[in-house]
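Please read the structure below before turning to the comments.
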Amino acid sequence: MDLFLETQNLTKTFGGVAAIFNLSFATRKGSVYSVIGPNGAGKTTLFNLLTGIYKPTSGAIRFAGSSIVGQPPHKISRLGISRTFQTPQIFLNMTVLENTLVGCHSHGTSGFFSAAISSPQSRREAARLKEQAMENLRFCGLDHLAQRDSDALPYGELKRLEVARALSTKPKLLLMDEPAAGLNDSETSKMGELIQGIQKLGISVMLVEHNMALVMAVSDELLVLNYGEYLAEGTPEQIQKNQKVIDAYLGMGDENDDLFD
Amino acid sequence: MNRYRGFFVLALIIIIAPIIFPDSYFVTVVGVTIALNALVAVGLNLLMGYTGQISLGHAAFFGIGAYSSGLLTTMFSWNPWFALLMGLLVTWLVAEIIARPILRLKGHYLAMATLGFGIIINILMVQPTHITGGPDGLSDIPVLNILGWDIDSDIRWYIVANGALLLGVWLALNLINSRIGLALRAVHGSEVGAQMMGVDIERIKIRIFVVSALFAAFAGSLFAHQQAFISPDSFSFHFSIELVVMVVLGGMASNYGPIFGAAVLTMLPETLVVFEDYEVLILGAIMMGIMIFLPQGLWVGLSQKIKPLFLNKATSSVESVGG
Ligand SMILES: Nc1ncnc2c1ncn2[C@@H]1O[C@H](COP(=O)(O)OP(=O)(O)OP(=O)(O)O)[C@@H](O)[C@H]1O
Ligand SMILES: [Mg+2]
């Protein structure tokens, strides 16, 4: 088994309250691995730990064989983990293409000086990065909107722009935090196809999502969190039959009722 | 190229103005002050407008440039150009040292910290009287000489100051339209988003702070030679605020806004003197009016209003002013 991202006894507390508690799991390279759980279960906190935005209170995180605990987000990004955000973190002061170009940042080298004098090397590099960015926009079906201001984008396109931008970092692992939240049915199915397309590119995906139809359709494996703790892990079929999962979800609000649709 | 269109228009205005109005006090005298202020404002805008980090202490860097040139040329008889270079070096060092702790702060806290820094530097200019001349300042700063030409007349200063401004604008334009510029604007848009895209936000904030400080120091050195006399008054908290006003008033969305802001804010007091006691009052009212009716600043605000008059189709888009 080809372990890719693993955590051991991962714990994160906020003022004494554990948002993630003693969590151990491992994902496989090339898989779509989903994390589900009721609101407040700690899914976003987990992503923030994996990407270095939060430092774990204790525990270990290993990516492709080496520890990434304590690395700042930009280093983790350069190691090959990128993500999209539950609340889009699009640069609303930029166009669609410019947003995606920022994703290419680590694949350029020209610094302040060569940029300020517009050196031939920096111009060549800019052209090369633009190619890459356009390719990712095309992949996400946004190329026709490249010059559009991102603050004028409909929500569905904004969510896909987050994906295009994250892909521009050339990740090995893409963390997606509720990519279908706020999308209508046709946009959601487009997002599902996009996730499968990303997997076909050889990029591993970790998915947090409340839309269970989508999760069950695209996931190879699932992790269920409850109050920050490990509840169950398995294939979609196993999870749907798991009594602990059923019990945990039955007590929850309407939003989570669709687990077994 | 498209990116330089505004630049050529600016260069044209700068060249034509003294040809049409060769004897105008506004062009050849005020024009120098505008150019130097604009140079600082363009640099400050890289930090404020594009990266979203405020500085209420940029007068200090302007002052460090000016005092380096003033002190080294008068007390140690340095060549003005070496003095200018030393001024840039000292500024680099100071900016780098204070940027590290200061730029971790955000919003009001960053404003307060930069304000404090500016005040400290200003006190350092006033206190060691035996070195800096204290409140009386430094005088007899020698003239600048470029390739055998003494820069000793209004029109020569006009050329040098505006040449420096054009150089600064050209550098700023290139920077903003580059990979670095995108990263700077990304920091403004979403820090966590920028980080996840691989941008080392701490480092890039320090870098741009240093760059904007260097713009100010360069202008400060020229200022010292042009005035031949400097005193701490020119580098006080008051001037820091004026610089921020220039940037905000002109508009932060483009490199030209701050130039426009510098021109307006430098000229207005000169024109408003006819109102005598009410001068400051009217200036304040004008500033309030601009911010209420043109919140994006004069540059974007006016070009949005003027553009439809020139284009047959009324396009209110602002795409061509970002740059
Ligand atoms: N920065 C923080 N400070 C304090 N508490 C936090 C912080 N971040 C998260 N929490 C808490 O941790 C718990 C888990 O939150 P988290 O956002 O990870 O949940 P989630 O599973 O993503 O929920 P949702 O499905 O609603 O997005 C919540 O109780 C939340 O209040
Ligand atoms: Mg969440």
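So you can find residues: chains in the structure tokens are A, B, ... in the order shown, residues in each start at 1, and ligands are numbered from 1 in order.
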
- request: Identify, on the basis of only C-alpha atoms, every residue whose closest approach to region 212-218 of chain B does not exceed 8 Å; exclude the query and any residue fewer than 2 positions from it along the same chain; express the result as a list of chain:residue names.
  value: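 Result of the neighbour search: B:Leu39, B:Val40, B:Val42, B:Gly43, B:Leu44, B:Asn45, B:Leu46, B:Leu47, B:His58, B:Ala59, B:Phe61, B:Phe62, B:Gly63, B:Ile64, B:Gly65, B:Ala66, B:Leu84, B:Gly87, B:Leu88, B:Thr91, B:Trp92, B:Ala95, B:Gly168, B:Ile208, B:Phe209, B:Val210, B:Gly220, B:Ser221, B:Leu222.
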
Using only C-alpha atoms and all ligand atoms, find each residue with an atom at most 10 Å away from ligand 1 and format the answer as a short mmCIF file (atom, residue, chain, number, x, y, z; two decimals) with C-alpha atoms, in the first residue's frame.
```cif
data_model
loop_
_atom_site.label_atom_id
_atom_site.label_comp_id
_atom_site.auth_asym_id
_atom_site.auth_seq_id
_atom_site.Cartn_x
_atom_site.Cartn_y
_atom_site.Cartn_z
CA LYS A 12 -5.66 20.57 18.04
CA THR A 13 -7.25 22.39 20.93
CA PHE A 14 -8.64 25.90 21.06
CA GLY A 15 -8.66 27.21 24.60
CA GLY A 16 -8.94 23.73 26.05
CA VAL A 17 -11.61 22.55 23.62
CA ALA A 18 -10.39 19.91 21.19
CA ALA A 19 -11.42 20.58 17.58
CA ILE A 20 -9.37 17.58 16.47
CA VAL A 35 -13.67 13.49 5.18
CA ILE A 36 -17.25 13.80 6.33
CA GLY A 37 -18.88 14.70 9.59
CA PRO A 38 -21.54 17.01 11.00
CA ASN A 39 -21.04 20.77 11.20
CA GLY A 40 -18.31 21.61 13.64
CA ALA A 41 -16.80 18.12 13.44
CA GLY A 42 -13.40 19.62 12.75
CA LYS A 43 -13.03 19.06 9.02
CA THR A 44 -11.84 22.54 8.15
CA THR A 45 -9.60 22.53 11.21
CA LEU A 46 -8.04 19.32 9.90
CA PHE A 47 -7.32 21.00 6.55
CA ASN A 48 -5.84 23.98 8.35
CA LEU A 49 -3.53 21.63 10.23
CA ILE A 53 -2.23 27.35 8.79
CA TYR A 54 -2.63 25.92 12.30
CA GLN A 86 -14.81 26.66 2.28
CA THR A 87 -15.16 30.45 2.21
CA ASP A 177 -13.14 22.11 1.39
CA GLU A 178 -16.81 21.92 0.43
CA ALA A 181 -21.45 24.17 -1.15
CA VAL A 208 -14.63 17.64 2.55
CA GLU A 209 -18.22 17.85 1.44
CA HIS A 210 -21.74 17.75 2.85
CA LEU A 225 -15.28 12.59 12.06
CA ASN A 226 -17.47 13.26 15.03
CA TYR A 227 -16.64 16.03 17.48
CA GLY A 228 -13.07 16.02 16.22
CA GLU A 255 -28.49 19.25 6.74
CA ASN A 256 -26.96 15.87 7.33
#
```

Which chain A residues are at most 6 Å from chain B (counting only C-alpha atoms), as a PDB file with C-alpha atoms, in the first residue's frame?
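Okay, this is what ended up in out39.pdb:
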```pdb
ATOM      1  CA  PRO A  73       1.822  27.189   4.464  1.00  0.00           C
ATOM      2  CA  HIS A  74       3.901  28.470   1.552  1.00  0.00           C
ATOM      3  CA  SER A  77       2.324  24.448  -0.871  1.00  0.00           C
ATOM      4  CA  ARG A  78       5.718  24.090  -2.532  1.00  0.00           C
ATOM      5  CA  GLN A  89     -10.285  33.103  -0.745  1.00  0.00           C
ATOM      6  CA  PHE A  91      -8.239  37.589  -4.869  1.00  0.00           C
ATOM      7  CA  GLY A 103      -1.031  29.858  -8.358  1.00  0.00           C
ATOM      8  CA  SER A 106       6.368  29.007  -7.042  1.00  0.00           C
ATOM      9  CA  ALA A 115      10.762  42.254 -12.500  1.00  0.00           C
ATOM     10  CA  ALA A 116      11.290  45.983 -11.952  1.00  0.00           C
ATOM     11  CA  SER A 118      11.340  43.938 -16.950  1.00  0.00           C
TER      12      SER A 118
END
```

- request: Would you kindly return, as a VMD selection string, each protein, DNA or RNA residue with an atom no farther than 8 Å from any atom of Ala111 (chain B), considering only C-alpha atoms and excluding same-chain residues fewer than 4 positions away?
  value: chain B and resid 54 to 56 106 to 107 115

message: Taking the DSSP secondary structure from the backbone, can you list the residues of region 45-205 of chain B that are alpha helix (DSSP H), as number ranges by chain?
response: B: 45, 58-74, 80-102, 107-126, 129-132, 154-176, 179-189, 191-196, 201-205

task: Identify, on the basis of only C-alpha atoms, every residue whose closest approach to region 149-153 of chain B does not exceed 12 Å; exclude the query and any residue fewer than 2 positions from it along the same chain; express the result as a ChimeraX atom specification.
output: /B:28-29,32,80,141-147,155-161,222,225-228

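Atom to atom, CA of Phe7 (chain B) and CA of Leu89 (chain B) stand 28.0 Å apart.
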
Å distance separating CA of Ala217 (chain A) from CA of Leu153 (chain A), one decimal place: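 CA of Ala217 (chain A) sits 27.5 Å away from CA of Leu153 (chain A).
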
message: Just list as a PyMOL selection string whatever in region 142-223 of chain B DSSP marks as strand (DSSP E or B).
response: chain B and resi 144-146+149-151

Restricting it to N, CA, C and O atoms, dump the selection as a PDB file, in the first residue's frame.
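Now in result.pdb:
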```
ATOM      1  N   LEU B 144      23.846  69.529  -7.000  1.00  0.00           N
ATOM      2  CA  LEU B 144      24.067  68.240  -7.633  1.00  0.00           C
ATOM      3  C   LEU B 144      24.694  68.482  -9.005  1.00  0.00           C
ATOM      4  O   LEU B 144      24.404  69.479  -9.657  1.00  0.00           O
ATOM      5  N   ASN B 145      25.579  67.606  -9.397  1.00  0.00           N
ATOM      6  CA  ASN B 145      26.215  67.758 -10.696  1.00  0.00           C
ATOM      7  C   ASN B 145      26.039  66.472 -11.491  1.00  0.00           C
ATOM      8  O   ASN B 145      26.397  65.399 -11.029  1.00  0.00           O
ATOM      9  N   ILE B 146      25.441  66.604 -12.686  1.00  0.00           N
ATOM     10  CA  ILE B 146      25.259  65.422 -13.532  1.00  0.00           C
ATOM     11  C   ILE B 146      26.110  65.583 -14.778  1.00  0.00           C
ATOM     12  O   ILE B 146      25.859  66.461 -15.600  1.00  0.00           O
ATOM     13  N   TRP B 149      27.122  68.982 -15.577  1.00  0.00           N
ATOM     14  CA  TRP B 149      26.088  70.014 -15.482  1.00  0.00           C
ATOM     15  C   TRP B 149      25.725  70.252 -14.032  1.00  0.00           C
ATOM     16  O   TRP B 149      25.318  69.337 -13.324  1.00  0.00           O
ATOM     17  N   ASP B 150      25.863  71.499 -13.583  1.00  0.00           N
ATOM     18  CA  ASP B 150      25.366  71.829 -12.254  1.00  0.00           C
ATOM     19  C   ASP B 150      23.856  71.976 -12.313  1.00  0.00           C
ATOM     20  O   ASP B 150      23.336  72.710 -13.164  1.00  0.00           O
ATOM     21  N   ILE B 151      23.183  71.252 -11.409  1.00  0.00           N
ATOM     22  CA  ILE B 151      21.720  71.369 -11.389  1.00  0.00           C
ATOM     23  C   ILE B 151      21.381  72.540 -10.478  1.00  0.00           C
ATOM     24  O   ILE B 151      21.136  72.374  -9.284  1.00  0.00           O
TER      25      ILE B 151
END
```

message: Quick check, in Å to one decimal: how far apart do CA of Ala41 (chain B) and CA of Gly261 (chain B) lie?
response: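 Pair CA of Ala41 (chain B) / CA of Gly261 (chain B) returns 8.3 Å.
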
query: Looking at only C-alpha atoms, which of B:Ala11, B:Ile282, B:Met252, B:Leu165 is the one that sits closest to Ala38 (chain B)?
result: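 Distance minimum relative to Ala38 (chain B) lands on B:Leu165.
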
task: Go through A:Ala232, A:Val245, A:Ile61, A:Leu207 and flag the residue nearest ligand 2, using only C-alpha atoms and all ligand atoms for the distances.
output: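 Going through A:Ala232, A:Val245, A:Ile61, A:Leu207 one by one, the smallest distance to ligand 2 is for A:Leu207.
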
Would you mind listing what lies within 12 Å of Thr129 (chain B) as a compact mmCIF listing (two decimals) with N, CA and C atoms, in the first residue's frame, with only C-alpha atoms counted and same-chain residues fewer than 5 positions away left out?
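Ended up saving to part17.txt:
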```
# COMPACT_ATOMS: atom_id res chain seq x y z
N ILE B 123 12.57 62.67 15.85
CA ILE B 123 13.25 63.13 17.08
C ILE B 123 14.76 63.00 16.92
N LEU B 124 15.18 61.92 16.25
CA LEU B 124 16.62 61.74 16.02
C LEU B 124 17.20 62.84 15.13
N GLY B 134 20.00 70.22 14.69
CA GLY B 134 18.77 70.32 15.50
C GLY B 134 17.62 70.92 14.73
N PRO B 135 16.75 71.65 15.41
CA PRO B 135 15.57 72.22 14.76
C PRO B 135 15.94 73.20 13.65
N ASP B 136 17.14 73.77 13.73
CA ASP B 136 17.55 74.73 12.71
C ASP B 136 17.92 74.06 11.40
N GLY B 137 18.25 72.79 11.47
CA GLY B 137 18.53 72.04 10.25
C GLY B 137 19.93 72.24 9.70
N LEU B 138 20.09 71.77 8.47
CA LEU B 138 21.38 71.83 7.79
C LEU B 138 21.26 72.80 6.62
N SER B 231 15.40 70.93 7.23
CA SER B 231 15.18 70.93 8.67
C SER B 231 14.15 69.86 9.00
N PRO B 232 14.11 69.44 10.26
CA PRO B 232 13.24 68.31 10.63
C PRO B 232 11.77 68.54 10.29
```

Closest contacts (region 34-119 of chain A/region 126-145 of chain A, max 9 Å, only C-alpha atoms) as a tab-separated table:
```
residue	atom	partner	partner_atom	distance
A:Thr95	CA	A:Leu145	CA	8.8
A:Val96	CA	A:Leu145	CA	6.7
A:Leu97	CA	A:Ala133	CA	6.9
A:Glu98	CA	A:Ala133	CA	8.5
A:Asn99	CA	A:Ala133	CA	8.9
A:Thr100	CA	A:Ala133	CA	5.5
A:Leu101	CA	A:Ala133	CA	5.5
A:Val102	CA	A:Ala133	CA	8.8
A:Gly103	CA	A:Ala133	CA	7.9
A:Cys104	CA	A:Leu129	CA	6.3
A:His105	CA	A:Leu129	CA	8.5
A:His107	CA	A:Leu129	CA	7.7
A:Gly108	CA	A:Leu129	CA	7.4
```

Could you turn the residues from that selection into a file that holds all heavy atoms, as a short mmCIF file (atom, residue, chain, number, x, y, z; two decimals), in the first residue's frame?
```cif
data_model
loop_
_atom_site.label_atom_id
_atom_site.label_comp_id
_atom_site.auth_asym_id
_atom_site.auth_seq_id
_atom_site.Cartn_x
_atom_site.Cartn_y
_atom_site.Cartn_z
N THR A 95 -8.22 39.77 -11.95
CA THR A 95 -8.99 39.04 -12.95
C THR A 95 -8.87 37.54 -12.69
O THR A 95 -8.07 37.09 -11.87
CB THR A 95 -8.48 39.33 -14.37
OG1 THR A 95 -7.16 38.79 -14.48
CG2 THR A 95 -8.44 40.81 -14.68
N VAL A 96 -9.67 36.81 -13.43
CA VAL A 96 -9.66 35.35 -13.33
C VAL A 96 -8.27 34.80 -13.68
O VAL A 96 -7.70 33.98 -12.96
CB VAL A 96 -10.73 34.76 -14.28
CG1 VAL A 96 -10.58 33.26 -14.44
CG2 VAL A 96 -12.12 35.12 -13.75
N LEU A 97 -7.70 35.30 -14.78
CA LEU A 97 -6.38 34.83 -15.19
C LEU A 97 -5.31 35.18 -14.15
O LEU A 97 -4.46 34.36 -13.81
CB LEU A 97 -6.01 35.43 -16.55
CG LEU A 97 -4.60 35.13 -17.06
CD1 LEU A 97 -4.38 33.63 -17.25
CD2 LEU A 97 -4.33 35.86 -18.39
N GLU A 98 -5.39 36.40 -13.64
CA GLU A 98 -4.40 36.82 -12.65
C GLU A 98 -4.45 35.95 -11.39
O GLU A 98 -3.42 35.57 -10.84
CB GLU A 98 -4.60 38.30 -12.28
CG GLU A 98 -4.13 39.25 -13.37
CD GLU A 98 -4.57 40.69 -13.16
OE1 GLU A 98 -5.53 40.93 -12.38
OE2 GLU A 98 -3.97 41.59 -13.76
N ASN A 99 -5.66 35.62 -10.97
CA ASN A 99 -5.80 34.72 -9.83
C ASN A 99 -5.07 33.41 -10.08
O ASN A 99 -4.33 32.92 -9.23
CB ASN A 99 -7.29 34.40 -9.59
CG ASN A 99 -7.91 35.30 -8.55
OD1 ASN A 99 -7.79 35.04 -7.35
ND2 ASN A 99 -8.53 36.38 -8.99
N THR A 100 -5.28 32.88 -11.26
CA THR A 100 -4.67 31.59 -11.60
C THR A 100 -3.16 31.72 -11.71
O THR A 100 -2.42 30.82 -11.33
CB THR A 100 -5.28 31.06 -12.91
OG1 THR A 100 -6.69 31.26 -12.85
CG2 THR A 100 -5.01 29.58 -13.07
N LEU A 101 -2.70 32.88 -12.21
CA LEU A 101 -1.27 33.12 -12.31
C LEU A 101 -0.58 33.13 -10.95
O LEU A 101 0.56 32.70 -10.82
CB LEU A 101 -1.01 34.45 -13.01
CG LEU A 101 -0.96 34.40 -14.54
CD1 LEU A 101 -0.98 35.81 -15.12
CD2 LEU A 101 0.29 33.67 -15.00
N VAL A 102 -1.29 33.63 -9.94
CA VAL A 102 -0.69 33.61 -8.60
C VAL A 102 -0.41 32.17 -8.19
O VAL A 102 0.58 31.88 -7.52
CB VAL A 102 -1.59 34.31 -7.57
CG1 VAL A 102 -0.99 34.21 -6.17
CG2 VAL A 102 -1.79 35.77 -7.94
N GLY A 103 -1.27 31.27 -8.63
CA GLY A 103 -1.03 29.86 -8.36
C GLY A 103 0.30 29.36 -8.93
O GLY A 103 0.90 28.43 -8.42
N CYS A 104 0.74 30.01 -10.01
CA CYS A 104 2.01 29.62 -10.65
C CYS A 104 3.22 30.22 -9.94
O CYS A 104 4.35 30.01 -10.37
CB CYS A 104 2.03 30.07 -12.11
SG CYS A 104 0.71 29.40 -13.10
N HIS A 105 2.98 30.97 -8.88
CA HIS A 105 4.06 31.75 -8.25
C HIS A 105 5.32 30.93 -8.00
O HIS A 105 6.42 31.34 -8.36
CB HIS A 105 3.56 32.35 -6.94
CG HIS A 105 4.57 33.24 -6.27
ND1 HIS A 105 4.76 34.55 -6.65
CD2 HIS A 105 5.45 33.00 -5.28
CE1 HIS A 105 5.72 35.08 -5.92
NE2 HIS A 105 6.15 34.17 -5.07
N HIS A 107 6.44 28.49 -9.42
CA HIS A 107 7.09 27.92 -10.60
C HIS A 107 7.80 28.98 -11.42
O HIS A 107 8.25 28.73 -12.52
CB HIS A 107 6.07 27.14 -11.44
CG HIS A 107 5.47 26.03 -10.66
ND1 HIS A 107 6.15 24.87 -10.36
CD2 HIS A 107 4.28 25.93 -10.02
CE1 HIS A 107 5.38 24.10 -9.60
NE2 HIS A 107 4.25 24.71 -9.38
N GLY A 108 7.89 30.18 -10.83
CA GLY A 108 8.71 31.23 -11.43
C GLY A 108 9.84 31.56 -10.49
O GLY A 108 9.81 31.20 -9.31
#
```
